[in-house]
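Trainee: Structure file final13.txt (compact mmCIF, C-alpha atoms) is given on the next line.
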# COMPACT_ATOMS: atom_id res chain seq x y z
CA MET H 1 -80.77 -196.43 -11.63
CA PRO H 2 -82.41 -197.91 -8.49
CA ALA H 3 -80.26 -199.94 -6.13
CA LYS H 4 -80.03 -203.63 -7.06
CA GLY H 5 -82.86 -205.63 -5.55
CA LYS H 6 -84.99 -202.56 -4.72
CA ALA H 7 -88.14 -201.58 -6.57
CA LYS H 8 -88.08 -198.16 -8.15
CA ALA H 9 -90.38 -195.74 -6.31
CA THR H 10 -93.46 -194.64 -8.25
CA PRO H 11 -93.47 -190.87 -8.85
CA GLU H 12 -96.23 -189.11 -6.93
CA GLU H 13 -96.07 -185.87 -8.95
CA SER H 14 -93.53 -183.77 -10.80
CA ARG H 15 -92.09 -180.24 -10.70
CA ASP H 16 -90.26 -178.70 -13.65
CA GLY H 17 -90.48 -182.10 -15.31
CA VAL H 18 -88.70 -183.83 -12.38
CA PRO H 19 -90.52 -186.93 -11.04
CA LEU H 20 -90.91 -186.69 -7.25
CA THR H 21 -91.27 -189.47 -4.68
CA HIS H 22 -91.92 -189.95 -0.94
CA LEU H 23 -92.84 -186.30 -0.60
CA ASP H 24 -94.63 -186.57 2.71
CA GLU H 25 -91.92 -188.44 4.57
CA PRO H 26 -90.10 -186.53 7.36
CA LEU H 27 -87.02 -184.83 5.99
CA PHE H 28 -84.88 -186.00 8.92
CA ASP H 29 -85.28 -186.48 12.67
CA GLY H 30 -86.02 -183.15 14.31
CA ALA H 31 -86.58 -181.34 11.02
CA GLU H 32 -90.27 -180.62 11.67
CA ALA H 33 -90.49 -180.61 7.87
CA THR H 34 -91.08 -183.08 5.07
CA LYS H 35 -89.30 -183.79 1.84
CA ARG H 36 -92.13 -181.89 0.14
CA ASP H 37 -91.23 -178.81 2.19
CA LEU H 38 -87.64 -179.04 0.94
CA VAL H 39 -88.69 -179.46 -2.70
CA GLU H 40 -91.08 -176.52 -2.50
CA TYR H 41 -88.45 -174.35 -0.80
CA MET H 42 -85.79 -175.08 -3.41
CA GLU H 43 -88.29 -174.48 -6.22
CA LEU H 44 -89.46 -171.20 -4.72
CA MET H 45 -85.95 -169.97 -3.87
CA ALA H 46 -84.21 -171.08 -7.05
CA ASP H 47 -84.04 -167.56 -8.50
CA ARG H 48 -82.15 -166.45 -5.37
CA ILE H 49 -79.98 -169.59 -4.96
CA VAL H 50 -78.92 -170.38 -8.54
CA PRO H 51 -76.96 -167.11 -9.08
CA HIS H 52 -74.71 -168.02 -6.12
CA LEU H 53 -74.19 -171.60 -7.36
CA ARG H 54 -73.92 -170.93 -11.07
CA ASP H 55 -70.89 -172.59 -12.70
CA ARG H 56 -69.43 -173.57 -9.33
CA PRO H 57 -68.49 -177.21 -8.63
CA LEU H 58 -71.13 -178.34 -6.15
CA SER H 59 -70.96 -180.72 -3.21
CA VAL H 60 -74.19 -181.53 -1.39
CA ILE H 61 -75.02 -183.14 1.93
CA ARG H 62 -77.84 -185.65 1.64
CA VAL H 63 -79.78 -187.40 4.38
CA ARG H 64 -81.67 -190.64 3.80
CA ALA H 65 -84.33 -191.95 6.16
CA GLY H 66 -82.71 -193.80 9.05
CA GLN H 67 -79.17 -192.99 7.92
CA ALA H 68 -76.53 -190.46 8.91
CA PRO H 69 -76.06 -187.47 6.58
CA PHE H 70 -73.30 -187.85 4.00
CA MET H 71 -71.49 -185.51 1.60
CA GLN H 72 -71.78 -186.26 -2.10
CA LYS H 73 -69.22 -184.73 -4.43
CA ASN H 74 -69.37 -187.04 -7.44
CA LEU H 75 -72.53 -186.69 -9.50
CA PRO H 76 -74.18 -190.14 -9.47
CA SER H 77 -74.41 -192.09 -12.72
CA TYR H 78 -78.21 -192.13 -12.50
CA ALA H 79 -78.44 -188.32 -12.64
CA PRO H 80 -80.50 -187.02 -15.59
CA GLU H 81 -78.44 -186.10 -18.63
CA TRP H 82 -79.59 -182.48 -18.37
CA VAL H 83 -77.79 -181.99 -15.03
CA GLU H 84 -74.64 -180.13 -16.01
CA SER H 85 -71.31 -181.21 -14.55
CA VAL H 86 -67.61 -180.46 -14.64
CA SER H 87 -64.77 -182.94 -14.23
CA ILE H 88 -62.02 -181.88 -11.80
CA TRP H 89 -58.93 -183.83 -10.78
CA ALA H 90 -58.85 -184.62 -7.05
CA ASP H 91 -55.46 -185.30 -5.46
CA ARG H 92 -56.70 -187.33 -2.51
CA PRO H 93 -58.62 -190.04 -4.40
CA LYS H 94 -56.28 -189.43 -7.38
CA ARG H 95 -59.05 -189.41 -9.94
CA ASP H 96 -61.39 -187.04 -11.71
CA VAL H 97 -64.53 -186.08 -9.80
CA ALA H 98 -67.64 -185.13 -11.76
CA TYR H 99 -69.11 -182.23 -9.82
CA ALA H 100 -72.65 -181.09 -10.54
CA LEU H 101 -73.33 -177.53 -11.66
CA ALA H 102 -76.64 -176.29 -10.24
CA ASN H 103 -77.35 -173.81 -13.00
CA ASP H 104 -81.15 -173.95 -13.09
CA ARG H 105 -84.27 -174.55 -11.03
CA ARG H 106 -84.80 -178.05 -12.40
CA THR H 107 -81.42 -179.19 -11.10
CA LEU H 108 -82.21 -177.86 -7.61
CA VAL H 109 -85.58 -179.65 -7.63
CA TRP H 110 -83.86 -182.88 -8.69
CA PHE H 111 -81.33 -182.55 -5.88
CA ALA H 112 -84.11 -181.86 -3.37
CA ASN H 113 -85.84 -185.05 -4.48
CA GLN H 114 -82.54 -186.82 -3.76
CA ARG H 115 -82.77 -185.44 -0.20
CA ALA H 116 -79.88 -183.05 -0.76
CA VAL H 117 -80.44 -180.59 2.08
CA GLU H 118 -77.15 -178.66 2.15
CA TYR H 119 -75.41 -176.99 -0.83
CA HIS H 120 -71.67 -176.36 -0.63
CA PRO H 121 -70.23 -174.77 -3.80
CA GLY H 122 -66.56 -174.30 -4.60
CA LEU H 123 -64.89 -170.92 -4.36
CA MET H 124 -64.03 -170.67 -8.06
CA THR H 125 -66.18 -170.84 -11.18
CA THR H 126 -65.64 -172.98 -14.24
CA ASP H 127 -65.10 -169.79 -16.24
CA ASP H 128 -62.10 -168.83 -14.09
CA PRO H 129 -60.87 -171.85 -12.09
CA ALA H 130 -57.62 -170.09 -11.16
CA HIS H 131 -59.19 -167.33 -9.04
CA GLN H 132 -61.61 -167.57 -6.14
CA THR H 133 -64.28 -164.92 -6.27
CA HIS H 134 -64.39 -164.02 -2.57
CA LEU H 135 -62.17 -163.88 0.48
CA ILE H 136 -64.05 -165.73 3.22
CA LEU H 137 -63.81 -165.76 7.01
CA ASP H 138 -65.71 -168.47 8.88
CA LEU H 139 -66.50 -167.58 12.50
CA ASP H 140 -66.94 -170.88 14.36
CA PRO H 141 -68.04 -170.74 18.02
CA PRO H 142 -67.26 -173.48 20.55
CA SER H 143 -69.19 -176.71 20.11
CA ASP H 144 -70.04 -177.05 23.80
CA VAL H 145 -72.33 -174.02 23.98
CA ASP H 146 -75.96 -173.82 22.87
CA VAL H 147 -77.07 -172.17 19.64
CA ALA H 148 -78.04 -168.84 21.21
CA GLU H 149 -74.80 -168.39 23.17
CA GLY H 150 -72.65 -169.68 20.32
CA PHE H 151 -74.25 -167.29 17.87
CA GLN H 152 -73.71 -164.31 20.18
CA LEU H 153 -70.03 -165.22 20.42
CA ALA H 154 -69.78 -165.57 16.63
CA VAL H 155 -71.43 -162.17 16.13
CA GLY H 156 -68.88 -160.65 18.49
CA ALA H 157 -66.11 -162.11 16.34
CA VAL H 158 -67.79 -160.78 13.19
CA HIS H 159 -67.56 -157.28 14.65
CA LEU H 160 -63.81 -157.84 15.07
CA VAL H 161 -63.48 -158.88 11.43
CA LYS H 162 -65.52 -155.85 10.35
CA GLU H 163 -63.13 -153.59 12.27
CA VAL H 164 -60.15 -155.15 10.51
CA LEU H 165 -61.79 -154.84 7.10
CA ASP H 166 -62.60 -151.18 7.71
CA GLU H 167 -58.99 -150.46 8.66
CA ALA H 168 -57.76 -152.33 5.58
CA GLY H 169 -60.08 -150.39 3.28
CA LEU H 170 -62.13 -153.49 2.40
CA ALA H 171 -65.89 -153.99 2.34
CA GLY H 172 -67.71 -157.25 2.86
CA ALA H 173 -71.06 -158.84 3.65
CA ALA H 174 -72.11 -161.17 6.44
CA LYS H 175 -74.47 -164.13 6.66
CA THR H 176 -75.37 -166.76 9.18
CA SER H 177 -73.90 -170.19 8.55
CA GLY H 178 -77.28 -171.73 9.29
CA ALA H 179 -75.80 -173.35 12.40
CA LYS H 180 -74.21 -171.35 15.24
CA GLY H 181 -71.58 -169.56 13.19
CA MET H 182 -71.23 -166.65 10.82
CA HIS H 183 -69.51 -166.04 7.48
CA VAL H 184 -67.97 -162.84 6.14
CA PHE H 185 -67.44 -162.57 2.36
CA VAL H 186 -65.25 -159.97 0.62
CA PRO H 187 -65.71 -159.98 -3.19
CA LEU H 188 -62.43 -159.85 -5.08
CA ALA H 189 -61.00 -158.76 -8.37
CA PRO H 190 -58.99 -161.65 -9.89
CA THR H 191 -56.20 -162.42 -7.41
CA ASP H 192 -53.74 -165.29 -7.12
CA THR H 193 -55.22 -167.93 -4.83
CA VAL H 194 -52.11 -168.06 -2.65
CA ASP H 195 -52.40 -164.33 -2.08
CA VAL H 196 -56.08 -164.61 -1.18
CA ALA H 197 -55.22 -167.33 1.33
CA ALA H 198 -52.45 -165.17 2.78
CA ALA H 199 -54.69 -162.12 3.15
CA THR H 200 -57.32 -164.28 4.82
CA ARG H 201 -54.76 -165.41 7.39
CA ALA H 202 -53.70 -161.82 8.02
CA ILE H 203 -57.27 -160.63 8.57
CA ALA H 204 -57.97 -163.55 10.92
CA ALA H 205 -54.82 -162.86 12.92
CA ARG H 206 -55.60 -159.14 13.21
CA ALA H 207 -59.16 -159.88 14.32
CA ALA H 208 -58.05 -162.36 17.00
CA ALA H 209 -55.42 -159.89 18.25
CA ILE H 210 -58.08 -157.22 18.90
CA ASP H 211 -59.81 -159.45 21.49
CA PRO H 212 -57.80 -162.59 22.28
CA LYS H 213 -60.26 -163.49 25.04
CA LEU H 214 -63.02 -163.88 22.46
CA ALA H 215 -61.31 -165.06 19.28
CA THR H 216 -58.49 -167.37 18.24
CA THR H 217 -56.86 -168.66 15.07
CA ALA H 218 -55.90 -171.98 16.70
CA PHE H 219 -56.71 -174.76 14.23
CA VAL H 220 -56.54 -177.52 16.86
CA VAL H 221 -59.82 -177.60 18.80
CA GLU H 222 -58.14 -178.34 22.14
CA GLU H 223 -56.13 -175.14 21.83
CA ARG H 224 -59.15 -172.83 21.39
CA HIS H 225 -60.17 -172.87 25.07
CA GLY H 226 -63.79 -171.90 24.48
CA LYS H 227 -63.05 -169.07 22.03
CA VAL H 228 -64.47 -168.41 18.59
CA PHE H 229 -62.30 -169.91 15.86
CA VAL H 230 -61.59 -167.32 13.16
CA ASP H 231 -61.16 -169.84 10.38
CA SER H 232 -58.90 -168.64 7.57
CA THR H 233 -58.81 -171.95 5.68
CA ARG H 234 -61.66 -171.23 3.25
CA ALA H 235 -59.37 -170.91 0.25
CA GLY H 236 -58.34 -172.87 -2.81
CA GLY H 237 -60.19 -176.17 -3.00
CA ALA H 238 -62.41 -175.49 0.01
CA THR H 239 -66.19 -175.11 -0.10
CA VAL H 240 -68.63 -173.01 1.92
CA ILE H 241 -72.36 -173.29 2.50
CA THR H 242 -74.17 -171.08 0.02
CA ALA H 243 -76.54 -168.29 0.98
CA TYR H 244 -80.11 -169.54 1.53
CA SER H 245 -79.06 -173.19 1.77
CA PRO H 246 -80.94 -175.22 4.39
CA ARG H 247 -78.92 -177.01 7.07
CA ILE H 248 -79.41 -180.42 8.64
CA ARG H 249 -80.27 -178.99 12.03
CA PRO H 250 -83.45 -179.05 14.14
CA GLY H 251 -86.08 -176.87 12.50
CA VAL H 252 -84.09 -176.67 9.22
CA PRO H 253 -82.43 -173.24 9.60
CA VAL H 254 -80.94 -171.67 6.49
CA SER H 255 -77.81 -169.61 5.85
CA PHE H 256 -79.16 -166.07 5.67
CA PRO H 257 -77.65 -162.64 4.83
CA ILE H 258 -77.57 -160.08 7.65
CA ALA H 259 -76.90 -156.37 7.35
CA TRP H 260 -74.08 -155.16 9.60
CA ALA H 261 -76.50 -152.98 11.57
CA ASP H 262 -78.77 -155.94 12.31
CA LEU H 263 -76.17 -158.39 13.61
CA ASP H 264 -77.00 -157.93 17.28
CA ALA H 265 -80.76 -158.16 16.77
CA VAL H 266 -81.16 -161.60 15.16
CA THR H 267 -80.75 -165.30 15.97
CA PRO H 268 -80.20 -168.28 13.64
CA ARG H 269 -83.69 -169.54 14.47
CA ASP H 270 -85.13 -166.44 12.79
CA PHE H 271 -84.19 -167.87 9.40
CA THR H 272 -85.59 -171.27 8.49
CA LEU H 273 -86.89 -173.17 5.50
CA ARG H 274 -90.36 -171.89 6.46
CA THR H 275 -89.57 -168.24 7.23
CA ALA H 276 -86.81 -167.25 4.81
CA PRO H 277 -88.93 -166.84 1.63
CA GLY H 278 -91.37 -164.48 3.37
CA LEU H 279 -88.52 -162.40 4.83
CA LEU H 280 -87.01 -161.88 1.38
CA GLY H 281 -90.05 -161.19 -0.74
CA ASP H 282 -88.75 -160.85 -4.29
CA ARG H 283 -85.29 -159.64 -3.23
CA ASP H 284 -81.93 -161.37 -3.20
CA ARG H 285 -80.56 -159.86 -0.02
CA TRP H 286 -77.16 -161.52 -0.44
CA ALA H 287 -76.71 -159.82 -3.81
CA ASP H 288 -78.04 -156.54 -2.38
CA LEU H 289 -75.53 -156.56 0.50
CA MET H 290 -72.50 -157.64 -1.52
CA PRO H 291 -70.05 -154.83 -2.38
CA GLN H 292 -68.22 -154.58 -5.69
CA PRO H 293 -65.05 -156.69 -6.23
CA GLN H 294 -61.94 -155.23 -4.63
CA THR H 295 -58.17 -155.52 -4.81
CA LEU H 296 -56.19 -156.67 -1.78
CA ALA H 297 -53.54 -154.32 -0.41
CA ALA H 298 -49.97 -155.51 -0.91
CA ASP H 299 -49.08 -155.08 2.78
CA LEU H 300 -52.00 -157.26 3.87
CA VAL H 301 -50.95 -160.01 1.47
CA ALA H 302 -47.30 -159.76 2.54
CA GLU H 303 -48.29 -159.96 6.22
CA GLY H 304 -50.28 -163.09 5.54
CA HIS H 305 -47.44 -164.80 3.72
CA ASP H 306 -45.43 -164.56 6.94
CA ILE H 307 -48.17 -166.41 8.86
CA PRO H 308 -47.91 -170.21 8.71
CA ILE H 309 -50.88 -172.09 7.26
CA ALA H 310 -52.95 -173.29 10.21
CA ARG H 311 -53.80 -176.70 8.76
CA VAL H 312 -50.15 -177.41 7.97
CA LEU H 313 -49.08 -176.37 11.46
CA ALA H 314 -51.74 -178.65 12.96
CA MET H 315 -50.58 -181.55 10.80
CA HIS H 316 -46.97 -181.15 11.93
CA GLU H 317 -48.08 -180.78 15.55
CA GLY H 318 -50.13 -183.95 15.25
CA LYS H 319 -47.12 -185.83 13.91
CA ARG H 320 -44.95 -184.45 16.72
CA ARG H 321 -47.44 -185.55 19.37
CA ALA H 322 -47.78 -188.99 17.79
CA ALA H 323 -44.00 -189.39 17.80
CA ALA H 324 -43.86 -188.31 21.45
CA ARG H 325 -46.52 -190.89 22.38
CA ARG H 326 -44.58 -193.62 20.60
CA GLN H 327 -41.41 -192.69 22.44
CA SER H 328 -43.15 -192.71 25.80
As a first step, turn the structure in this file into C-alpha cells.

Mentor:
Amino acid sequence: MPAKGKAKATPEESRDGVPLTHLDEPLFDGAEATKRDLVEYMELMADRIVPHLRDRPLSVIRVRAGQAPFMQKNLPSYAPEWVESVSIWADRPKRDVAYALANDRRTLVWFANQRAVEYHPGLMTTDDPAHQTHLILDLDPPSDVDVAEGFQLAVGAVHLVKEVLDEAGLAGAAKTSGAKGMHVFVPLAPTDTVDVAAATRAIAARAAAIDPKLATTAFVVEERHGKVFVDSTRAGGATVITAYSPRIRPGVPVSFPIAWADLDAVTPRDFTLRTAPGLLGDRDRWADLMPQPQTLAADLVAEGHDIPIARVLAMHEGKRRAAARRQS
C-alpha cells in the first residue's frame, strides 16, 4: 500500500510480472547507476544469486532517494502474496519477524524495485534451522584507510586464515565483501551452532597469532590499533552479505568470489554491478569454488570453547568502563 497522502507511482514497465517504477532515477549518491541498472542486474544474476539465498531468512538494506540507507528485516505488509516468508521469534523486539525468502527471480526483481541494494541472508535454512551451513570468517580492515590499502590488508589476513585452515585439515572459499573486506566460508556437515561458533573463535585466534602485527581478534575498535579484525562473530543469528550482492558504495561494487591463487591480483573495484555478469558468463563461481561440507575436528572445537565470546567480553568491558566513569 502507498504511504498515506502520497499518490501511487504509475508503473513504467514490468519484469517477470512485477510492475516497475522510477527506473531512471539515480540509485543513490555516487552510485553512477540507476534503479533500472539494479533491476536488470538482479534479473540477470538471479540464477546465480537465488541458490545462495534459497530458504534463508533474508534481511535487505534499502536506500530511498534523499534518505540514509536502512536495514529491513520484516517483510512489509504491502509485499505481493507470492513473496514467500518465514516467521521467526526475535528476542530483542520480543515478537515474531516475518523474514522474506528470496526463492525466485520474481522476488529479487520486486526487491530491486523497492531499492533493496544489499542482500544479507541468515546462516541457517528453514529446512534445518538448528544448524548453520558454513563457518564464516569476516576479515575487516581498519576504517581509516582507503579501499585499496584496506583490501590489501584484508587479503593478507585471508592468507593467515587459509594457513590455519590448511593445518586444521579444512577447505574453504573466499570472496570480497563488496567493501574493503573479505569473507572466508567453510561448508559444514550438520554441527551444533555453539560448536561452530567455538571453532570460528579458535580459527580467528590462530590466524591472529601467526601475525599479530597484521591481525587482531579485538572486538572493541579502539583496541585494534590499525589491524585487520578477524571477526569470529558470524554465527547463530548473524547474517552475512551474499555472494554477488551489490553494496551501497561508490560505483556499486558487488561481493565476488575469488580463487585463492588470484587473491593478490584483484581489487574490489574489479567487481561491480556493471562488470560482474560479464566476468562470470554462465558460471556460478561461488558454487564452483565451494568445497564439500566438512566435519570440525574435536580439538579445534574444544580450543574455541576455552576462548571467551568477543561480543560478551566487549559488553562487560563497556559496563566496567561506564562504572569507572560514574565513580570518577

Trainee: Please return as an MDAnalysis selection string every residue within 6 Å of (-72.8, -165.1, 1.3), taking into account all atoms listed in the file and the file's own coordinates.

Mentor: chainID H and resid 175 243 286

Trainee: Pick out the residues sitting within 10 Å of stretch 70-73 of chain H, and hand them over as a list of chain:residue names; count all atoms listed in the file, and ignore anything fewer than 3 positions along from it in its own chain.

Mentor: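 Final neighbour list, sorted by chain and number: H:Pro57, H:Leu58, H:Ser59, H:Val60, H:Ile61, H:Arg62, H:Val63, H:Arg64, H:Gln67, H:Pro76, H:Val97, H:Ala98, H:Tyr99, H:Ala100, H:Ala116, H:Glu118, H:Tyr119, H:His120.
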
Trainee: Fewer than 4 positions away in the same chain doesn't count, so skip those; otherwise give me all residues within 8 Å of H:Arg15, counting only C-alpha atoms, as a PDB file with C-alpha atoms, in the frame of the given file.

Mentor:
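Writing done, so here's part20.pdb:
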ATOM      1  CA  PRO H  19     -90.520-186.930 -11.040  1.00  0.00           C
ATOM      2  CA  LEU H  20     -90.910-186.690  -7.250  1.00  0.00           C
ATOM      3  CA  ARG H 106     -84.800-178.050 -12.400  1.00  0.00           C
ATOM      4  CA  VAL H 109     -85.580-179.650  -7.630  1.00  0.00           C
TER       5      VAL H 109
END

Trainee: Neighbours of H:Gly17 within 12 Å (all atoms listed in the file; same-chain residues fewer than 6 positions away dropped), as a ChimeraX atom specification?

Mentor: /H:11,80,82,105-107,109-110

Trainee: Around (-77.5, -158.8, 7.7), as given in the file, which residues come within 8 Å? Count only C-alpha atoms and list them as a PyMOL selection string.

Mentor: chain H and resi 173-175+256-263+289

Trainee: Closest to H:Phe28 among H:Val301, H:Val252, H:Val83, H:Val155, using all atoms listed in the file?

Mentor: H:Val252

Trainee: Excluding H:Gln294 and any residue of its chain fewer than 6 positions from it, enumerate the residues within 7 Å of it, using only C-alpha atoms, and give them as an MDAnalysis selection string.

Mentor: chainID H and resid 187:189

Trainee: Which one is closest to H:Thr295: H:Ser232, H:Ser245, H:Thr133, H:Ser143? Count all atoms listed in the file.

Mentor: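 Once distances to H:Thr295 are computed over all atoms listed in the file, the minimum belongs to H:Thr133.
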
Trainee: Between atom CA of H:Asp16 and atom CA of H:Leu101, what is the distance, to one decimal in Å?

Mentor: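 Taking atom CA of H:Asp16 as the start and atom CA of H:Leu101 as the end point, the length is 17.1 Å.
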
Trainee: Could you tell me which of H:Asp144, H:Val196, H:Gln152, H:Ala204 comes closest to H:Met182 if we count only C-alpha atoms?

Mentor: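 Selected residue with least distance to H:Met182: H:Gln152.
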
Trainee: Please list as a list in words every residue within 12 Å of H:Arg224, counting all atoms listed in the file and excluding residues in the same chain fewer than 4 positions away.

Mentor: Asp140, Pro141, Pro142, Ser143, Asp144, Ala208, Pro212, Lys213, Leu214, Ala215, Thr216, Thr217, Ala218, Phe219, Val220, Val228, Phe229, Val230 and Asp231 of chain H

Trainee: Please indicate the distance in Å from atom CA of H:Leu135 to atom CA of H:Glu43, rounded to one decimal place.

Mentor: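 Computed distance, atom CA of H:Leu135 to atom CA of H:Glu43, equals 29.0 Å.
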
Trainee: Rank nothing, just name the residue among H:Ile203, H:Arg249, H:Thr267, H:Asp288 nearest to H:Leu300, using only C-alpha atoms.

Mentor: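 Smallest separation from H:Leu300 among the options: H:Ile203.
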
Trainee: Between atom CA of H:Leu23 and atom CA of H:Arg283, what distance in Å does the model show, to one decimal?

Mentor: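 For atom CA of H:Leu23 relative to atom CA of H:Arg283, the distance reads 27.8 Å.
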
Trainee: Considering all atoms listed in the file, can you say which of H:Ala197, H:Ala209, H:Leu108, H:Val18 comes closest to H:Val50?

Mentor: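 Among the listed residues, H:Leu108 lies closest to H:Val50.
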
Trainee: Smallest atom-to-atom distance to H:Asp192: which of H:Val145, H:Val161, H:Ile248, H:Ala130, using all atoms listed in the file?

Mentor: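 Going through H:Val145, H:Val161, H:Ile248, H:Ala130 one by one, the smallest distance to H:Asp192 is for H:Ala130.
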